[in-house]
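Here's the structure we're looking at; comments come further down.
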Amino acid sequence: MPAYRCFLGEFERPLYWGNLAALLLLHILAVGYFLYKLATFDAQHDPFLLAYAVLVGILGGLGITGGAHRYWTHRCFKATTPVKLLFLVLYSISGQNNLRDWVRDHRVHHKFSETDADPHNANRGFWFAHVGWLCMRKHPLVAQKGRTVDVSDITQDPLLAFHVRHWAWFKLAFCFVIPTLIPPLFFGQPASTTFWLVCIVRYASNLNFTWAVNSFAHIWGNKPYNRTIQPVENPYVSLVALGEGWHNYHHSFPWDYRAAELGRGLNLTTMCLDLLARAGLIYDLKATPPRMVQQLAKRRGDGSGRPPAALFCE
């Protein structure tokens with residue numbers, strides 16, 4: 001298969017034409033329908049459906065941030081069975097890759113960040129880190145190093161293995177079918193508008209908010225904790241990605257369940273995890289001692305101090 005030089009940096013790999021076409025079509029439809037809605041706003045139904053689409057987006061986002069990322073990838077805390085089931089449902093709403101692949105790619109990303117073995121190496125440019133890595137075959141080192149990363153905790157868990165094995169059905173049901181049926185069946189809302197807002201606009205938004213952590217939060221921002229690594233603190237990413245944009249901190253202390261020093265400031269995921277902890281549904285939450293944070297910031301920080309979003313903290 002021939003290689004194609006594309007605009008995603010100096011990197012030649014065969015393209016996944018199916019992924020490229022599907023993602024391009026999704027985004028054309030999402031932007032087109034959003035602009036159409038701006039011009040044909042329905043005051044009777046659209047406010048409810050927009051709020052509903054945002055709610056579905058937040059639930060899917062929490063499946064990524066609280067479930068796939070902080071729980072299953074980094075094991076930042078332990079969870080009871082009801083929470084595991086909840087996270088699986090929320091992760092299914094997000095409609096991304098199956099859980100095994102998501103966890104493997106993210107563990108490889110942390111272990112080999114900004115090298116050829118990093119699936120979304122930001123050194124190859126913004127577009128590659130954001131979405132291009134999903135549209136072309138991986139660099140050989142990604143697959144090679146990926147085989148050295150242990151994901152047995154995912155593959156040997158019967159519940160997770162079942163979810164991975166039947167991922168296509170979970171994605172179809174919870175990402176598209178069920179969220180689309182609820183407003184027409186229970187609230188008398190138009191099915192066509194629900195479909196477009198939930199399955200197209202919301203889904204495209206969820207994807208981009210997750211991808212923003214790999215792109216924006218690896219390129220634009222400050223480095224108050226460790227100037228020697230690429231990830232940065234980006235409050236705008238934290239706003240749309242539910243607290244995942246404090247990325248300089250996260251790569252410095254990946255085991256911390258808060259993924260930030262800021263606690264609940266612009267960190268909806270941490271707020272939700274704290275509520276679950278108070279209810280006794282998750283436990284053994286790992287957090288970095290303040291002294292360790294201060295010492296690293298003093299030795300390796302860029303001198304920028306805490307981000308401006310510290311104003312939102314308790």
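Letters A, B, ... mark the chains of the structure tokens in the order given; residue numbers begin at 1 per chain; ligand numbers begin at 1, in order shown.
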DSSP-assigned helix (DSSP H, G or I) members of segment 162-310 of chain A, reported as a compact mmCIF listing (two decimals) with C-alpha atoms, in the first residue's frame:
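After the write, part.txt holds the following:
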```
# COMPACT_ATOMS: atom_id res chain seq x y z
CA PHE A 162 -17.56 -8.61 27.72
CA HIS A 163 -17.91 -4.88 27.09
CA VAL A 164 -14.92 -4.88 24.71
CA ARG A 165 -16.19 -7.97 22.88
CA TRP A 167 -18.42 -2.82 21.99
CA ALA A 168 -20.17 -2.13 18.67
CA TRP A 169 -23.57 -2.94 20.17
CA PHE A 170 -22.93 -0.90 23.34
CA LYS A 171 -21.85 2.06 21.21
CA LEU A 172 -24.87 1.79 18.92
CA ALA A 173 -27.29 1.52 21.83
CA PHE A 174 -25.95 4.09 24.30
CA CYS A 175 -24.27 6.61 21.99
CA PHE A 176 -27.00 6.82 19.37
CA VAL A 177 -30.24 4.84 19.78
CA ILE A 178 -31.25 5.32 23.42
CA PRO A 179 -30.32 9.04 23.68
CA THR A 180 -32.27 9.69 20.48
CA LEU A 181 -35.40 7.82 21.61
CA ILE A 182 -35.80 9.42 25.04
CA PRO A 183 -36.98 12.96 24.04
CA PRO A 184 -39.59 11.81 21.48
CA LEU A 185 -40.95 8.98 23.65
CA PHE A 186 -41.03 10.73 27.03
CA PHE A 187 -41.12 14.47 26.29
CA ALA A 191 -37.27 12.85 16.62
CA SER A 192 -35.45 14.40 13.66
CA THR A 193 -34.12 17.38 15.64
CA THR A 194 -33.14 15.06 18.49
CA PHE A 195 -31.21 12.85 16.10
CA TRP A 196 -29.28 15.73 14.56
CA LEU A 197 -28.44 17.43 17.84
CA VAL A 198 -27.56 14.28 19.81
CA CYS A 199 -26.12 11.91 17.21
CA ILE A 200 -24.34 14.45 15.02
CA VAL A 201 -23.62 17.77 16.76
CA ARG A 202 -23.19 16.35 20.27
CA TYR A 203 -21.13 13.38 19.09
CA ALA A 204 -18.79 15.54 17.03
CA SER A 205 -18.41 17.93 19.98
CA ASN A 206 -17.61 15.09 22.40
CA LEU A 207 -14.90 13.81 20.08
CA ASN A 208 -13.28 17.22 19.64
CA PHE A 209 -13.34 18.02 23.35
CA THR A 210 -11.46 14.77 24.03
CA TRP A 211 -9.03 15.37 21.17
CA ALA A 212 -8.34 18.89 22.48
CA VAL A 213 -6.46 17.34 25.41
CA ASN A 214 -4.05 15.70 22.95
CA PHE A 216 -4.28 22.18 22.56
CA ALA A 217 -3.15 20.91 25.99
CA HIS A 218 0.15 19.73 24.51
CA PRO A 235 -8.06 26.34 31.30
CA TYR A 236 -10.09 26.45 28.08
CA VAL A 237 -9.50 22.75 27.48
CA SER A 238 -10.37 22.07 31.11
CA LEU A 239 -13.68 23.86 30.64
CA VAL A 240 -14.80 21.72 27.67
CA HIS A 247 -2.12 18.67 31.62
CA ASN A 248 1.28 19.78 32.86
CA TYR A 249 0.17 18.70 36.32
CA HIS A 250 -1.38 15.47 35.07
CA HIS A 251 1.75 14.33 33.23
CA SER A 252 3.80 15.24 36.29
CA LEU A 268 -16.24 18.89 36.92
CA THR A 269 -14.84 15.36 36.92
CA THR A 270 -13.19 15.87 40.29
CA MET A 271 -16.41 17.30 41.70
CA CYS A 272 -18.31 14.19 40.60
CA LEU A 273 -15.63 11.85 41.95
CA ASP A 274 -15.68 13.64 45.29
CA LEU A 275 -19.46 13.16 45.47
CA LEU A 276 -19.08 9.45 44.72
CA ALA A 277 -16.39 9.20 47.39
CA ARG A 278 -18.62 10.85 49.99
CA PRO A 290 1.26 19.39 48.43
CA ARG A 291 4.92 19.31 49.46
CA MET A 292 5.78 17.08 46.50
CA VAL A 293 3.94 19.43 44.14
CA GLN A 294 5.75 22.47 45.54
CA GLN A 295 9.14 20.79 45.31
CA LEU A 296 8.69 19.80 41.67
CA ALA A 297 7.37 23.24 40.75
CA LYS A 298 10.36 24.88 42.43
CA ARG A 299 12.89 22.60 40.69
CA ARG A 300 11.39 22.32 37.22
CA PRO A 308 -5.35 32.06 36.48
CA ALA A 309 -8.14 29.52 36.97
CA ALA A 310 -6.96 29.19 40.58
```
Residues within 12 Å of segment 138-142 of chain A, only C-alpha atoms, excluding chain neighbours under 2 positions, as a ChimeraX atom specification
/A:3,11-16,104-109,111-121,124,128,132-136,144-149
Writer output for current selection, C-alpha atoms, as an mmCIF file, in the first residue's frame:
```
data_model
loop_
_atom_site.group_PDB
_atom_site.id
_atom_site.type_symbol
_atom_site.label_atom_id
_atom_site.label_comp_id
_atom_site.auth_asym_id
_atom_site.auth_seq_id
_atom_site.Cartn_x
_atom_site.Cartn_y
_atom_site.Cartn_z
ATOM 1 C CA ALA A 3 2.252 6.031 1.612
ATOM 2 C CA PHE A 11 5.123 11.868 8.539
ATOM 3 C CA GLU A 12 4.305 9.402 5.764
ATOM 4 C CA ARG A 13 1.945 6.524 6.519
ATOM 5 C CA PRO A 14 -0.935 4.930 4.620
ATOM 6 C CA LEU A 15 -4.189 6.731 5.303
ATOM 7 C CA TYR A 16 -7.298 5.134 6.749
ATOM 8 C CA ARG A 104 -3.596 0.895 25.807
ATOM 9 C CA ASP A 105 -3.169 4.012 23.650
ATOM 10 C CA HIS A 106 -3.254 6.311 26.659
ATOM 11 C CA ARG A 107 -0.771 4.259 28.660
ATOM 12 C CA VAL A 108 1.564 4.222 25.655
ATOM 13 C CA HIS A 109 1.075 7.979 25.334
ATOM 14 C CA LYS A 111 5.114 6.122 28.784
ATOM 15 C CA PHE A 112 6.497 7.411 25.463
ATOM 16 C CA SER A 113 5.061 10.925 25.335
ATOM 17 C CA GLU A 114 6.147 13.051 22.355
ATOM 18 C CA THR A 115 8.222 10.297 20.752
ATOM 19 C CA ASP A 116 7.542 8.218 17.641
ATOM 20 C CA ALA A 117 5.907 5.654 19.927
ATOM 21 C CA ASP A 118 3.290 8.190 21.107
ATOM 22 C CA PRO A 119 0.036 7.525 19.181
ATOM 23 C CA HIS A 120 -0.758 11.260 18.992
ATOM 24 C CA ASN A 121 2.712 12.785 19.182
ATOM 25 C CA ARG A 124 4.049 16.164 14.513
ATOM 26 C CA PHE A 128 -1.884 15.178 13.760
ATOM 27 C CA GLY A 132 -4.770 13.027 12.129
ATOM 28 C CA TRP A 133 -3.493 10.089 14.173
ATOM 29 C CA LEU A 134 -6.923 8.478 13.773
ATOM 30 C CA CYS A 135 -6.820 8.878 9.989
ATOM 31 C CA MET A 136 -3.557 7.095 9.197
ATOM 32 C CA GLN A 144 5.899 -2.149 18.884
ATOM 33 C CA LYS A 145 5.889 -0.269 22.172
ATOM 34 C CA GLY A 146 2.171 -0.831 22.578
ATOM 35 C CA ARG A 147 2.821 -4.551 22.892
ATOM 36 C CA THR A 148 5.031 -3.829 25.904
ATOM 37 C CA VAL A 149 2.261 -2.027 27.799
#
```
Would you mind listing what lies within 6 Å of segment 46-63 of chain A as a PyMOL selection string, with only C-alpha atoms counted and same-chain residues fewer than 6 positions away left out?
chain A and resi 87+90-91+93-94+198+202
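Minimum atom-to-atom distances from A:Leu24, A:Leu159, A:Cys76, A:Leu85 to Asp284 of chain A were compared using only C-alpha atoms, and the lowest value belongs to A:Cys76.
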